[in-house]
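Colleague: This one is structure-v1.cif, mmCIF, C-alpha atoms and all ligand atoms.
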```cif
data_input
loop_
_atom_site.label_atom_id
_atom_site.label_comp_id
_atom_site.auth_asym_id
_atom_site.auth_seq_id
_atom_site.Cartn_x
_atom_site.Cartn_y
_atom_site.Cartn_z
CA MET A 7 109.60 112.26 73.53
CA VAL A 8 109.79 111.27 77.20
CA GLN A 9 106.67 113.25 77.99
CA ALA A 10 104.68 111.49 75.28
CA PHE A 11 106.06 108.16 76.41
CA CYS A 12 104.93 108.76 80.00
CA ARG A 13 101.47 109.89 78.92
CA ASP A 14 100.83 106.52 77.30
CA SER A 15 99.54 104.40 80.19
CA GLU A 16 100.57 101.23 78.32
CA ASN A 17 104.17 102.08 79.18
CA ALA A 18 103.46 102.13 82.93
CA VAL A 19 105.92 104.97 83.51
CA SER A 20 104.73 108.25 84.90
CA LEU A 21 106.48 111.58 84.87
CA ALA A 22 107.29 112.63 88.44
CA LEU A 23 109.05 115.83 87.40
CA ASP A 24 110.08 117.45 84.14
CA LEU A 25 113.22 119.54 84.66
CA ASN A 26 113.50 121.22 81.32
CA VAL A 27 116.90 122.86 81.91
CA GLU A 28 120.25 122.47 80.26
CA ILE A 29 122.76 120.63 82.35
CA GLY A 30 125.01 123.71 82.43
CA VAL A 31 122.45 125.71 84.40
CA PHE A 32 121.29 122.85 86.59
CA ASN A 33 121.66 124.17 90.13
CA ALA A 34 120.88 123.47 93.75
CA THR A 35 117.23 124.49 93.37
CA HIS A 36 116.76 121.99 90.57
CA LEU A 37 118.43 119.33 92.63
CA ALA A 38 116.13 120.09 95.55
CA GLU A 39 113.13 119.80 93.23
CA LEU A 40 114.44 116.49 92.01
CA ARG A 41 114.86 115.19 95.56
CA ARG A 42 111.37 116.34 96.45
CA ALA A 43 109.86 114.56 93.48
CA GLY A 44 111.57 111.33 94.61
CA PRO A 45 111.49 109.66 91.18
CA THR A 46 112.10 105.93 90.79
CA PHE A 47 114.66 106.78 88.14
CA VAL A 48 115.90 109.79 86.19
CA PHE A 49 116.63 110.31 82.51
CA VAL A 50 119.73 112.42 81.91
CA ASP A 51 120.66 113.71 78.47
CA LEU A 52 124.43 113.79 78.03
CA GLU A 53 124.50 115.32 74.61
CA HIS A 54 125.25 118.95 75.41
CA ASP A 55 127.77 118.67 78.21
CA ALA A 56 128.83 115.13 78.92
CA ASP A 57 131.26 116.05 81.73
CA LEU A 58 128.66 117.87 83.77
CA GLY A 59 126.10 115.20 82.95
CA LEU A 60 128.41 112.50 84.23
CA GLN A 61 129.01 114.42 87.44
CA LEU A 62 125.30 114.66 88.01
CA ILE A 63 124.88 110.96 87.30
CA ARG A 64 127.62 110.07 89.78
CA ALA A 65 126.03 112.22 92.43
CA LEU A 66 122.58 110.74 91.80
CA ALA A 67 123.58 107.13 91.26
CA GLY A 68 126.04 107.10 94.15
CA GLY A 69 123.65 108.47 96.75
CA SER A 70 125.13 109.16 100.17
CA ASP A 71 124.70 108.16 103.78
CA GLN A 72 121.62 110.30 103.98
CA VAL A 73 120.17 110.23 100.50
CA PRO A 74 119.50 106.93 98.73
CA PRO A 75 120.84 106.40 95.20
CA THR A 76 118.65 107.50 92.30
CA PRO A 77 119.05 105.21 89.29
CA VAL A 78 119.74 106.94 85.96
CA VAL A 79 119.00 106.12 82.34
CA ALA A 80 121.20 108.25 80.08
CA PHE A 81 120.75 109.47 76.51
CA GLY A 82 123.76 110.44 74.48
CA PRO A 83 125.31 110.71 71.07
CA PRO A 84 125.37 107.46 69.08
CA ALA A 85 128.60 105.57 68.45
CA SER A 86 130.50 107.05 71.34
CA ALA A 87 132.01 104.00 72.98
CA GLU A 88 134.05 106.20 75.28
CA LEU A 89 131.04 108.07 76.61
CA LEU A 90 129.06 104.87 76.96
CA LEU A 91 131.83 103.40 79.08
CA ALA A 92 132.13 106.56 81.18
CA ALA A 93 128.37 106.58 81.71
CA MET A 94 128.39 102.95 82.80
CA ARG A 95 131.22 103.70 85.22
CA ALA A 96 129.31 106.65 86.59
CA GLY A 97 126.55 104.20 87.41
CA VAL A 98 123.87 104.50 84.70
CA LEU A 99 121.47 101.60 84.36
CA GLU A 100 121.09 102.05 80.59
CA TYR A 101 122.68 104.18 77.90
CA LEU A 102 120.47 104.97 74.91
CA PRO A 103 122.04 106.44 71.77
CA LYS A 104 120.07 109.38 70.36
CA PRO A 105 117.72 109.80 68.59
CA VAL A 106 115.60 107.77 70.97
CA ASP A 107 112.14 106.55 69.95
CA ALA A 108 109.23 105.08 71.90
CA VAL A 109 110.29 101.51 71.15
CA ALA A 110 113.79 102.09 72.51
CA LEU A 111 112.36 103.74 75.62
CA ARG A 112 109.94 100.91 76.15
CA GLU A 113 112.65 98.29 75.82
CA ALA A 114 114.97 100.19 78.13
CA THR A 115 112.36 100.74 80.84
CA ASP A 116 111.32 97.09 80.63
CA ARG A 117 114.95 96.07 81.12
CA VAL A 118 115.42 98.49 83.97
CA ARG A 119 112.23 97.69 85.85
CA PRO A 120 113.20 94.37 87.43
CA ARG A 121 116.41 95.97 88.69
CA LEU A 122 114.55 98.84 90.31
CA ALA A 123 112.38 96.88 92.74
CA PRO A 124 115.05 96.39 95.42
CA LEU A 125 116.23 99.98 95.00
CA VAL A 126 112.69 101.30 95.29
CA ALA A 127 112.14 99.25 98.41
CA GLY A 128 115.33 100.60 99.91
CA SER A 129 114.75 104.15 98.82
CA HIS A 130 112.59 105.18 101.74
CA GLY A 131 115.20 104.16 104.22
CA HIS A 132 113.32 101.08 105.45
CA GLU A 133 112.18 97.99 103.67
CA ASP A 134 108.47 98.55 103.57
CA GLY A 135 105.96 101.23 102.78
CA LYS A 136 103.19 102.21 105.20
CA ILE A 137 99.67 100.87 104.94
CA LEU A 138 96.86 103.18 106.01
CA ALA A 139 93.42 101.57 106.11
CA PHE A 140 90.20 103.60 106.15
CA PHE A 141 87.04 102.14 107.57
CA SER A 142 83.56 103.47 108.32
CA PRO A 143 82.09 101.62 111.29
CA LYS A 144 78.76 102.66 109.84
CA GLY A 145 78.14 102.91 106.11
CA GLY A 146 78.09 106.32 104.51
CA SER A 147 80.27 108.04 107.11
CA GLY A 148 82.84 109.20 104.59
CA SER A 149 85.64 106.64 104.49
CA THR A 150 85.91 106.42 100.69
CA THR A 151 85.98 110.18 100.20
CA LEU A 152 88.58 110.61 102.93
CA ALA A 153 90.79 107.75 101.70
CA VAL A 154 90.91 109.26 98.20
CA ASN A 155 91.68 112.80 99.32
CA THR A 156 94.22 111.69 101.90
CA ALA A 157 96.07 109.61 99.31
CA ILE A 158 96.27 112.52 96.88
CA ASN A 159 97.45 114.96 99.51
CA LEU A 160 100.00 112.47 100.82
CA HIS A 161 101.46 112.31 97.34
CA GLN A 162 101.37 116.10 96.98
CA VAL A 163 103.18 116.61 100.27
CA THR A 164 105.73 113.80 100.18
CA ARG A 165 106.07 113.20 96.41
CA ARG A 166 106.38 109.56 97.36
CA ARG A 167 104.82 106.62 95.56
CA VAL A 168 101.23 106.35 96.77
CA LEU A 169 98.85 103.53 95.89
CA LEU A 170 95.12 103.64 96.57
CA VAL A 171 93.57 100.21 96.96
CA ASP A 172 89.82 99.82 96.77
CA LEU A 173 88.95 96.77 98.82
CA ASP A 174 85.26 97.56 98.97
CA ALA A 175 84.32 94.75 96.66
CA GLU A 176 80.61 95.39 96.90
CA LEU A 177 80.51 99.08 96.31
CA GLY A 178 84.00 100.00 95.11
CA GLU A 179 83.54 103.66 94.35
CA ILE A 180 87.03 105.05 94.24
CA SER A 181 87.34 104.94 90.47
CA LEU A 182 84.09 106.88 90.27
CA LEU A 183 85.37 109.57 92.62
CA LEU A 184 88.54 109.83 90.55
CA GLY A 185 86.63 109.92 87.28
CA MET A 186 88.47 106.82 86.03
CA GLN A 187 87.44 103.66 84.23
CA PRO A 188 90.01 101.08 85.23
CA LYS A 189 90.70 98.14 82.95
CA PHE A 190 91.88 95.80 85.72
CA ASN A 191 91.07 95.22 89.36
CA PHE A 192 92.17 93.56 92.54
CA VAL A 193 90.81 90.16 91.50
CA ASP A 194 92.86 90.18 88.28
CA LEU A 195 95.90 90.82 90.40
CA VAL A 196 95.00 87.99 92.79
CA GLN A 197 94.61 85.57 89.90
CA ASN A 198 98.00 86.38 88.45
CA PHE A 199 99.87 86.87 91.67
CA HIS A 200 101.98 83.72 91.28
CA ARG A 201 103.87 85.33 88.38
CA MET A 202 104.00 88.85 89.78
CA ASP A 203 106.90 91.21 89.30
CA SER A 204 106.99 94.98 89.31
CA GLY A 205 106.47 95.08 85.54
CA LEU A 206 103.33 92.96 85.66
CA LEU A 207 102.09 94.81 88.74
CA ALA A 208 102.33 98.09 86.85
CA SER A 209 100.04 96.70 84.17
CA TYR A 210 97.22 96.19 86.71
CA ILE A 211 97.58 99.60 88.20
CA GLU A 212 96.19 102.80 86.74
CA GLN A 213 97.59 106.21 87.31
CA HIS A 214 95.42 109.14 88.21
CA LYS A 215 96.27 112.64 86.98
CA SER A 216 97.28 113.55 90.53
CA GLY A 217 100.12 111.00 90.38
CA VAL A 218 98.41 108.59 92.77
CA HIS A 219 98.17 104.98 91.57
CA LEU A 220 94.96 103.00 91.80
CA LEU A 221 94.18 99.35 92.24
CA SER A 222 90.43 99.24 91.90
CA ALA A 223 87.73 96.96 93.18
CA PRO A 224 86.12 94.43 90.85
CA TYR A 225 83.24 95.92 88.99
CA HIS A 226 81.12 92.79 89.37
CA PRO A 227 80.51 92.12 93.06
CA ASP A 228 80.16 88.35 92.49
CA ARG A 229 83.85 88.18 91.57
CA ALA A 230 84.77 89.50 94.99
CA ALA A 231 84.19 86.13 96.64
CA THR A 232 87.26 84.74 94.92
CA VAL A 233 89.65 86.67 97.20
CA SER A 234 90.78 84.98 100.40
CA GLU A 235 92.28 86.46 103.55
CA GLU A 236 95.60 84.83 102.81
CA GLN A 237 95.65 86.37 99.34
CA ILE A 238 94.96 89.81 100.78
CA ARG A 239 97.81 89.37 103.25
CA LYS A 240 100.24 88.21 100.60
CA ILE A 241 99.37 90.95 98.16
CA LEU A 242 99.55 93.73 100.73
CA ARG A 243 102.94 92.45 101.90
CA TYR A 244 104.13 92.51 98.31
CA LEU A 245 102.73 95.97 97.64
CA LYS A 246 104.52 97.33 100.70
CA GLY A 247 107.79 96.61 98.94
CA GLN A 248 106.64 98.53 95.87
CA TYR A 249 105.08 101.68 97.35
CA ASP A 250 105.86 104.19 100.05
CA TYR A 251 102.23 104.57 101.09
CA ILE A 252 99.31 102.26 100.47
CA VAL A 253 95.94 103.78 101.28
CA ILE A 254 93.17 101.21 101.52
CA ASP A 255 89.45 101.79 101.54
CA THR A 256 87.94 98.71 103.17
CA SER A 257 84.44 97.39 102.88
CA LYS A 258 82.17 98.39 105.72
CA SER A 259 81.36 94.83 106.75
CA PHE A 260 83.63 92.89 109.06
CA ALA A 261 84.51 90.54 106.28
CA PRO A 262 87.55 88.39 107.13
CA THR A 263 89.27 90.10 104.21
CA SER A 264 88.85 93.50 105.91
CA LEU A 265 90.35 92.14 109.10
CA ALA A 266 93.22 90.64 107.09
CA ALA A 267 93.81 94.11 105.63
CA PHE A 268 93.77 95.74 109.10
CA GLU A 269 96.25 93.16 110.28
CA GLN A 270 98.74 94.31 107.62
CA SER A 271 98.08 97.99 108.28
CA ASP A 272 100.30 100.41 110.12
CA GLN A 273 97.33 102.59 110.94
CA VAL A 274 93.59 102.03 110.83
CA PHE A 275 91.42 105.13 110.47
CA LEU A 276 87.92 104.84 111.85
CA VAL A 277 85.95 107.46 109.98
CA ALA A 278 82.78 108.28 111.86
CA THR A 279 80.24 111.01 112.23
CA VAL A 280 79.15 111.89 115.74
CA ASP A 281 75.79 110.24 116.22
CA LEU A 282 74.57 107.35 118.31
CA PRO A 283 74.49 104.66 115.56
CA ASN A 284 78.09 105.49 114.65
CA LEU A 285 79.31 105.51 118.24
CA ARG A 286 77.57 102.24 118.95
CA ASN A 287 79.11 100.61 115.88
CA ILE A 288 82.58 101.81 116.82
CA GLN A 289 82.13 100.29 120.25
CA ARG A 290 81.23 97.01 118.60
CA ALA A 291 84.02 97.17 116.06
CA LEU A 292 86.87 98.19 118.35
CA PRO A 293 87.52 94.84 120.06
CA LEU A 294 87.65 93.06 116.70
CA ILE A 295 90.05 95.60 115.23
CA LYS A 296 92.23 95.70 118.33
CA ARG A 297 92.55 91.93 118.27
CA VAL A 298 94.34 91.95 114.91
CA LEU A 299 96.65 94.91 115.65
CA PRO A 300 99.87 94.46 117.61
CA ARG A 301 99.86 98.05 118.98
CA PRO A 302 96.22 99.16 118.88
CA THR A 303 96.65 102.33 120.96
CA GLU A 304 99.09 103.77 118.44
CA GLN A 305 97.48 102.24 115.38
CA VAL A 306 93.79 103.04 115.69
CA ARG A 307 93.00 106.62 114.64
CA LEU A 308 89.57 108.04 115.18
CA VAL A 309 88.59 110.67 112.62
CA VAL A 310 85.40 112.61 113.22
CA ASN A 311 83.88 113.44 109.86
CA ARG A 312 81.28 116.10 109.08
CA TYR A 313 82.38 117.77 112.28
CA ASP A 314 80.44 120.76 113.49
CA GLU A 315 81.63 122.71 116.53
CA ASN A 316 78.08 123.02 117.72
CA GLN A 317 77.27 119.35 117.45
CA GLU A 318 75.08 117.84 120.12
CA ILE A 319 77.69 115.41 121.43
CA PRO A 320 80.96 117.22 122.22
CA LEU A 321 84.26 115.61 121.22
CA ALA A 322 85.26 115.16 124.86
CA ASP A 323 82.21 112.96 125.38
CA VAL A 324 83.04 110.95 122.27
CA GLU A 325 86.57 110.36 123.54
CA ARG A 326 85.36 109.39 126.98
CA THR A 327 82.69 107.01 125.67
CA LEU A 328 85.03 105.26 123.26
CA GLY A 329 88.20 105.46 125.33
CA LEU A 330 89.88 106.72 122.17
CA PRO A 331 91.35 110.13 121.40
CA VAL A 332 90.11 112.00 118.34
CA PHE A 333 93.04 112.05 115.90
CA ALA A 334 91.54 114.61 113.50
CA THR A 335 88.29 116.23 112.51
CA VAL A 336 86.99 116.95 109.02
CA GLY A 337 84.38 119.66 108.70
CA ASN A 338 80.95 119.21 107.22
CA ASP A 339 81.36 120.62 103.71
CA TYR A 340 78.46 119.42 101.65
CA GLU A 341 78.99 121.90 98.83
CA ALA A 342 82.63 121.08 98.17
CA VAL A 343 82.01 117.36 98.39
CA ILE A 344 79.06 117.42 96.00
CA ARG A 345 80.91 119.68 93.56
CA SER A 346 83.73 117.19 93.54
CA ILE A 347 81.44 114.21 92.95
CA ASN A 348 79.69 115.95 90.09
CA SER A 349 82.92 116.98 88.43
CA GLY A 350 84.72 113.64 88.97
CA LYS A 351 87.53 115.63 90.58
CA PRO A 352 88.52 114.92 94.19
CA VAL A 353 87.83 117.77 96.65
CA ILE A 354 91.50 118.36 97.33
CA LEU A 355 92.10 119.12 93.63
CA ASN A 356 88.96 121.21 93.25
CA GLY A 357 89.85 124.61 94.67
CA LYS A 358 89.81 125.86 98.24
CA SER A 359 87.44 124.27 100.71
CA VAL A 360 87.01 123.48 104.36
CA TYR A 361 87.20 119.80 103.48
CA GLY A 362 90.51 120.27 101.68
CA ARG A 363 91.93 122.34 104.52
CA ASP A 364 91.08 119.65 107.07
CA VAL A 365 92.49 116.82 104.96
CA LYS A 366 95.74 118.75 104.59
CA ARG A 367 95.90 119.25 108.34
CA MET A 368 95.41 115.55 108.93
CA VAL A 369 98.07 114.60 106.40
CA ARG A 370 100.54 116.97 108.05
CA LEU A 371 99.85 115.21 111.34
CA LEU A 372 100.46 111.91 109.60
CA VAL A 373 103.77 112.69 107.99
CA GLY A 374 105.16 114.83 110.77
CA LYS A 375 108.00 117.22 109.97
CA PRO A 376 109.22 117.40 106.38
CA GLU A 377 112.50 115.83 107.43
CA GLN A 378 113.29 114.73 103.90
CA GLU A 379 113.71 118.31 102.79
CA GLU A 380 116.09 119.07 105.61
CA LEU A 381 118.21 116.10 104.67
CA SER A 382 118.43 117.03 101.04
CA THR A 383 119.44 120.59 101.81
CA SER A 384 122.85 119.58 103.11
CA LEU A 385 123.51 117.31 100.15
CA MET A 386 122.26 120.02 97.85
CA HIS A 387 124.95 122.42 99.06
CA ARG A 388 127.64 119.80 98.68
CA ILE A 389 126.61 118.98 95.13
CA ALA A 390 126.17 122.64 94.27
CA SER A 391 129.76 123.30 95.30
CA ALA A 392 130.88 120.28 93.31
CA PHE A 393 129.22 121.87 90.29
CA ARG A 394 131.10 125.11 90.73
CA THR A 395 134.36 123.24 90.14
CA PRO A 396 133.49 120.99 87.24
CA LYS A 397 136.92 119.43 86.91
CA GLN A 398 136.80 117.89 90.35
CA SER A 399 137.43 114.18 90.44
CA GLN A 400 134.80 111.62 91.22
CA ALA A 401 136.69 110.41 94.27
CA ASP A 402 136.64 113.94 95.66
CA ILE A 403 132.89 114.28 95.23
CA ARG A 404 132.32 110.87 96.80
CA GLY A 405 134.54 111.82 99.70
CA ARG A 406 132.55 114.97 100.33
CA GLU A 407 129.27 113.09 100.29
CA ASP A 408 130.56 110.63 102.80
CA GLY A 409 131.47 113.54 104.98
CA ARG A 410 135.13 112.66 104.68
CA GLY A 411 136.16 115.51 102.39
N1 LIG B 1 82.94 116.04 105.33
C1 LIG B 1 81.88 115.85 104.55
N2 LIG B 1 81.00 116.83 104.35
C2 LIG B 1 79.91 116.65 103.58
N3 LIG B 1 79.62 115.50 102.96
C3 LIG B 1 80.44 114.47 103.11
C4 LIG B 1 81.62 114.59 103.91
N4 LIG B 1 82.26 113.40 103.87
C5 LIG B 1 81.53 112.59 103.08
N5 LIG B 1 80.42 113.20 102.63
C6 LIG B 1 79.37 112.63 101.78
O1 LIG B 1 78.81 111.53 102.48
C7 LIG B 1 78.49 110.49 101.57
C8 LIG B 1 79.19 109.21 101.99
O2 LIG B 1 80.58 109.36 101.81
P1 LIG B 1 81.52 108.14 101.40
O3 LIG B 1 80.99 107.45 100.22
O4 LIG B 1 82.88 108.67 101.37
O5 LIG B 1 81.31 107.26 102.70
P2 LIG B 1 81.63 105.73 102.92
O6 LIG B 1 81.84 105.59 104.38
O7 LIG B 1 82.70 105.31 102.02
O8 LIG B 1 80.26 105.07 102.49
P3 LIG B 1 79.93 103.56 102.06
O9 LIG B 1 79.48 102.94 103.32
O10 LIG B 1 78.86 103.71 101.06
O11 LIG B 1 81.19 102.96 101.52
C9 LIG B 1 78.90 110.92 100.20
O12 LIG B 1 77.80 111.44 99.53
C10 LIG B 1 79.91 112.00 100.50
O13 LIG B 1 79.96 112.90 99.48
MG MG B 2 82.79 103.67 100.72
#
```
I'd like the structure from this file rewritten - as structure tokens, please.
Ligand SMILES: Nc1ncnc2c1ncn2[C@@H]1O[C@H](COP(=O)(O)OP(=O)(O)OP(=O)(O)O)[C@@H](O)[C@H]1O
Ligand SMILES: [Mg+2]

Modeller:
Amino acid sequence: MVQAFCRDSENAVSLALDLNVEIGVFNATHLAELRRAGPTFVFVDLEHDADLGLQLIRALAGGSDQVPPTPVVAFGPPASAELLLAAMRAGVLEYLPKPVDAVALREATDRVRPRLAPLVAGSHGHEDGKILAFFSPKGGSGSTTLAVNTAINLHQVTRRRVLLVDLDAELGEISLLLGMQPKFNFVDLVQNFHRMDSGLLASYIEQHKSGVHLLSAPYHPDRAATVSEEQIRKILRYLKGQYDYIVIDTSKSFAPTSLAAFEQSDQVFLVATVDLPNLRNIQRALPLIKRVLPRPTEQVRLVVNRYDENQEIPLADVERTLGLPVFATVGNDYEAVIRSINSGKPVILNGKSVYGRDVKRMVRLLVGKPEQEELSTSLMHRIASAFRTPKQSQADIRGREDGRG
């Protein structure tokens, strides 16, 4: 039922993880999986073992110093006022009597959605998500391809909410690379921004099979002119509260809207191949980009695309000429890239390749150590031991999580 519900894009809910296990055998490994998936909320079925289910809900909904709370929607037997009350006390957002149908799920998720926004924003430990902008100083250097593959791998590695934004209003090609035909685009969002909430936002955003969300560029280039710098700023600020990572592919011109996007970005990736036209354009672009960034030395990342060890201009010369270190290189991998274009499947999802390997390496550099996993391990042990003694009181479990037990 839940699976079918999530497959219907109208419902704007996607399945982050399906843990098809009975509550009685739910263990530390499952909990770790759940933490890794980082869902916005969890459905828990209380029918088979309400006591254990309630313990899990308390642990999830309560969170701890280190792990943010995970909101829960519970299913349970109908007409059980006692269980409903216990579930509410344990911290569920909604209790749905079984059998549950699509209409009930839709109504419940619609009710829950407005209450999730602040939790989602708080769930990555800081208020805002990170914006990563990709830019080719010279057209055709590979920014779109790299933005798409980076976004997908970021989601694979972190299981966080990742949004791809196509700001290339003239040539928006992301949907093509993802094999998608989006119904809405950035301009629709701009026009309705005054009444935006997370529910409405979800209706403008499409979900790719990989789990990455997409806000596409307008299909008709003439509609692009209706977006102002201030609108870009406002929307990106809003989106930061809704997503953990926002990956933007900018247009290759120095449109004021591109600069407005850089200004909101945590990192700007200059994707260039090593040749004179590219180097010259980077030299021209750098002062403009640096002007809108508060900490340009940390924020500008040079990525050498189609890198070949035997290239005429060595990387050291590139770095010296530009006064900029090379953050990462991506190998020249014509075959893998073409195969992916022809199959409408991004390189990173299309089997092993040099391109995929290099994107993964860059993403690892970006996210640093998988600290999230380390954090959840300690909580995992605490909850696992709580599960071994099912009669333990809620206060006791809470105390342990706080490190007081
Ligand atoms: N590492 C790579 N190896 C081989 N081919 C690549 C590589 N990166 C990109 N390409 C190819 O180069 C072409 C341009 O790539 P892409 O569209 O990503 O660049 P862009 O900078 O977004 O271009 P535009 O200026 O048109 O927006 C595409 O045909 C793409 O498949
Ligand atoms: Mg492009």

Colleague: Taking all atoms listed in the file into account, name the residue in A:Tyr313, A:Phe141, A:Phe260, A:Phe268 that is nearest to ligand MG 2 (chain B).

Modeller: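 Of A:Tyr313, A:Phe141, A:Phe260, A:Phe268, the one nearest ligand MG 2 (chain B), counting all atoms listed in the file, is A:Phe141.
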
Colleague: Restricting the calculation to all atoms listed in the file: of A:Arg286, A:Lys104, A:Arg119, A:Lys189, which residue gets closest to Ser204 in chain A?

Modeller: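 Of the candidates, the smallest distance to Ser204 in chain A is held by A:Arg119.
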
Colleague: Can you tell me, as a list in words, what residues are no more than 10 Å from Leu90 in chain A when counting only C-alpha atoms, ignoring any on the same chain fewer than 3 positions away?

Modeller: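 Here the answer would be Ala80, Phe81, Gly82, Pro83, Pro84, Ala85, Ser86, Ala87, Ala93, Met94, Arg95, Ala96, Val98, Glu100, Tyr101, Leu102 and Pro103 of chain A.
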
Colleague: Identify which of the residues A:Arg326, A:Lys136, A:Arg42, A:Arg201 lies closest to Gln270 in chain A, counting all atoms listed in the file when measuring atom-to-atom distances.

Modeller: A:Lys136

Colleague: Kindly compile the residues surrounding ligand MG 2 (chain B) within 9 Å, counting all atoms listed in the file, and format them as a PDB file with C-alpha atoms, in the coordinates of the input.

Modeller:
```
ATOM      1  CA  PHE A 141      87.040 102.140 107.570  1.00  0.00           C
ATOM      2  CA  SER A 142      83.560 103.470 108.320  1.00  0.00           C
ATOM      3  CA  GLY A 145      78.140 102.910 106.110  1.00  0.00           C
ATOM      4  CA  GLY A 146      78.090 106.320 104.510  1.00  0.00           C
ATOM      5  CA  SER A 147      80.270 108.040 107.110  1.00  0.00           C
ATOM      6  CA  GLY A 148      82.840 109.200 104.590  1.00  0.00           C
ATOM      7  CA  SER A 149      85.640 106.640 104.490  1.00  0.00           C
ATOM      8  CA  THR A 150      85.910 106.420 100.690  1.00  0.00           C
ATOM      9  CA  THR A 151      85.980 110.180 100.200  1.00  0.00           C
ATOM     10  CA  ASP A 172      89.820  99.820  96.770  1.00  0.00           C
ATOM     11  CA  ASP A 174      85.260  97.560  98.970  1.00  0.00           C
ATOM     12  CA  LEU A 177      80.510  99.080  96.310  1.00  0.00           C
ATOM     13  CA  GLY A 178      84.000 100.000  95.110  1.00  0.00           C
ATOM     14  CA  GLU A 179      83.540 103.660  94.350  1.00  0.00           C
ATOM     15  CA  ILE A 180      87.030 105.050  94.240  1.00  0.00           C
ATOM     16  CA  ASP A 255      89.450 101.790 101.540  1.00  0.00           C
ATOM     17  CA  THR A 256      87.940  98.710 103.170  1.00  0.00           C
ATOM     18  CA  SER A 257      84.440  97.390 102.880  1.00  0.00           C
ATOM     19  CA  LYS A 258      82.170  98.390 105.720  1.00  0.00           C
TER      20      LYS A 258
END
```

Colleague: Can you work out which one of A:Arg370, A:Arg117, A:Arg301, A:His200 has the shortest atom-to-atom distance to Gln237 in chain A, counting only C-alpha atoms?

Modeller: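 The closest residue to Gln237 in chain A is A:His200.
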
Colleague: Expressed in Å to a single decimal, how great is the separation between CA of Val118 in chain A and CA of Asp194 in chain A?

Modeller: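 These atoms are spaced 24.4 Å apart.
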
Colleague: Between A:Ser359, A:Thr335, A:Thr115, A:Ser209, single out the one closest to Val8 in chain A, counting only C-alpha atoms.

Modeller: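 Residue with the minimum atom-to-atom distance to Val8 in chain A: A:Thr115.
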
Colleague: How far is it from CA of Arg239 in chain A to atom O10 of ligand LIG 1 (chain B), in Å with one decimal?

Modeller: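 Result for CA of Arg239 in chain A versus atom O10 of ligand LIG 1 (chain B): 23.9 Å, one decimal.
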
Colleague: How many Å lie between CA of Asp14 in chain A and CA of Asp203 in chain A, rounded to one decimal?

Modeller: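 Separating CA of Asp14 in chain A from CA of Asp203 in chain A is a distance of 20.4 Å.
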
Colleague: With distances taken over all atoms listed in the file, which of A:Arg243, A:Leu152, A:Ser20, A:Lys144 is nearest to Asn287 in chain A?

Modeller: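 Among the listed residues, A:Lys144 lies closest to Asn287 in chain A.
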
Colleague: Is it possible to get the residues within 9 Å of (115.5, 106.8, 86.5) (coordinates as in the file, counting only C-alpha atoms) written as a list in words?

Modeller: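 All residues meeting the 9 Å criterion around (115.5, 106.8, 86.5) are Pro45, Thr46, Phe47, Val48, Phe49, Val50, Thr76, Pro77, Val78, Val79, Ala80, Val98, Leu99, Thr115, Val118 and Leu122 of chain A.
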
Colleague: Let me see the file: selected residues, C-alpha atoms, as a CSV table (one decimal), in the frame of the given file.

Modeller:
```
chain,number,residue,atom,x,y,z
A,45,PRO,CA,111.5,109.7,91.2
A,46,THR,CA,112.1,105.9,90.8
A,47,PHE,CA,114.7,106.8,88.1
A,48,VAL,CA,115.9,109.8,86.2
A,49,PHE,CA,116.6,110.3,82.5
A,50,VAL,CA,119.7,112.4,81.9
A,76,THR,CA,118.6,107.5,92.3
A,77,PRO,CA,119.0,105.2,89.3
A,78,VAL,CA,119.7,106.9,86.0
A,79,VAL,CA,119.0,106.1,82.3
A,80,ALA,CA,121.2,108.2,80.1
A,98,VAL,CA,123.9,104.5,84.7
A,99,LEU,CA,121.5,101.6,84.4
A,115,THR,CA,112.4,100.7,80.8
A,118,VAL,CA,115.4,98.5,84.0
A,122,LEU,CA,114.6,98.8,90.3
```

Colleague: Could you give me, as a PyMOL selection string, the residues within 6 Å of range 245-251 of chain A, counting only C-alpha atoms and dropping anything in the same chain fewer than 2 positions from it?

Modeller: chain A and resi 127+134-137+167-168+242-243

Colleague: Kindly assemble as CSV a list of the range 151-258 of chain A residues that lie within 6 Å of range 345-354 of chain A, each paired with its nearest atom pair and their distance in Å to one decimal, using all atoms listed in the file, sorted first by chain and then by ascending residue number.

Modeller:
```
residue,atom,partner,partner_atom,distance
A:Asn155,CA,A:Ile354,CA,5.9
A:Leu183,CA,A:Gly350,CA,5.5
A:Leu184,CA,A:Gly350,CA,5.6
A:Gly185,CA,A:Gly350,CA,4.5
```

Colleague: Quick one: residues within 7 Å of Val369 in chain A, only C-alpha atoms, excluding same-chain residues fewer than 4 positions away - as JSON, numbers by chain?

Modeller: {"A": [156, 159, 160, 365, 373]}

Colleague: Name all residues at most 12 Å from Asp323 in chain A (count only C-alpha atoms; drop same-chain ones fewer than 3 positions away) and give them as a tab-separated table (two decimals) with C-alpha atoms, in the frame of the given file.

Modeller:
```tsv
chain	number	residue	atom	x	y	z
A	280	VAL	CA	79.15	111.89	115.74
A	281	ASP	CA	75.79	110.24	116.22
A	282	LEU	CA	74.57	107.35	118.31
A	285	LEU	CA	79.31	105.51	118.24
A	317	GLN	CA	77.27	119.35	117.45
A	318	GLU	CA	75.08	117.84	120.12
A	319	ILE	CA	77.69	115.41	121.43
A	320	PRO	CA	80.96	117.22	122.22
A	326	ARG	CA	85.36	109.39	126.98
A	327	THR	CA	82.69	107.01	125.67
A	328	LEU	CA	85.03	105.26	123.26
A	329	GLY	CA	88.20	105.46	125.33
A	330	LEU	CA	89.88	106.72	122.17
A	331	PRO	CA	91.35	110.13	121.40
A	332	VAL	CA	90.11	112.00	118.34
```
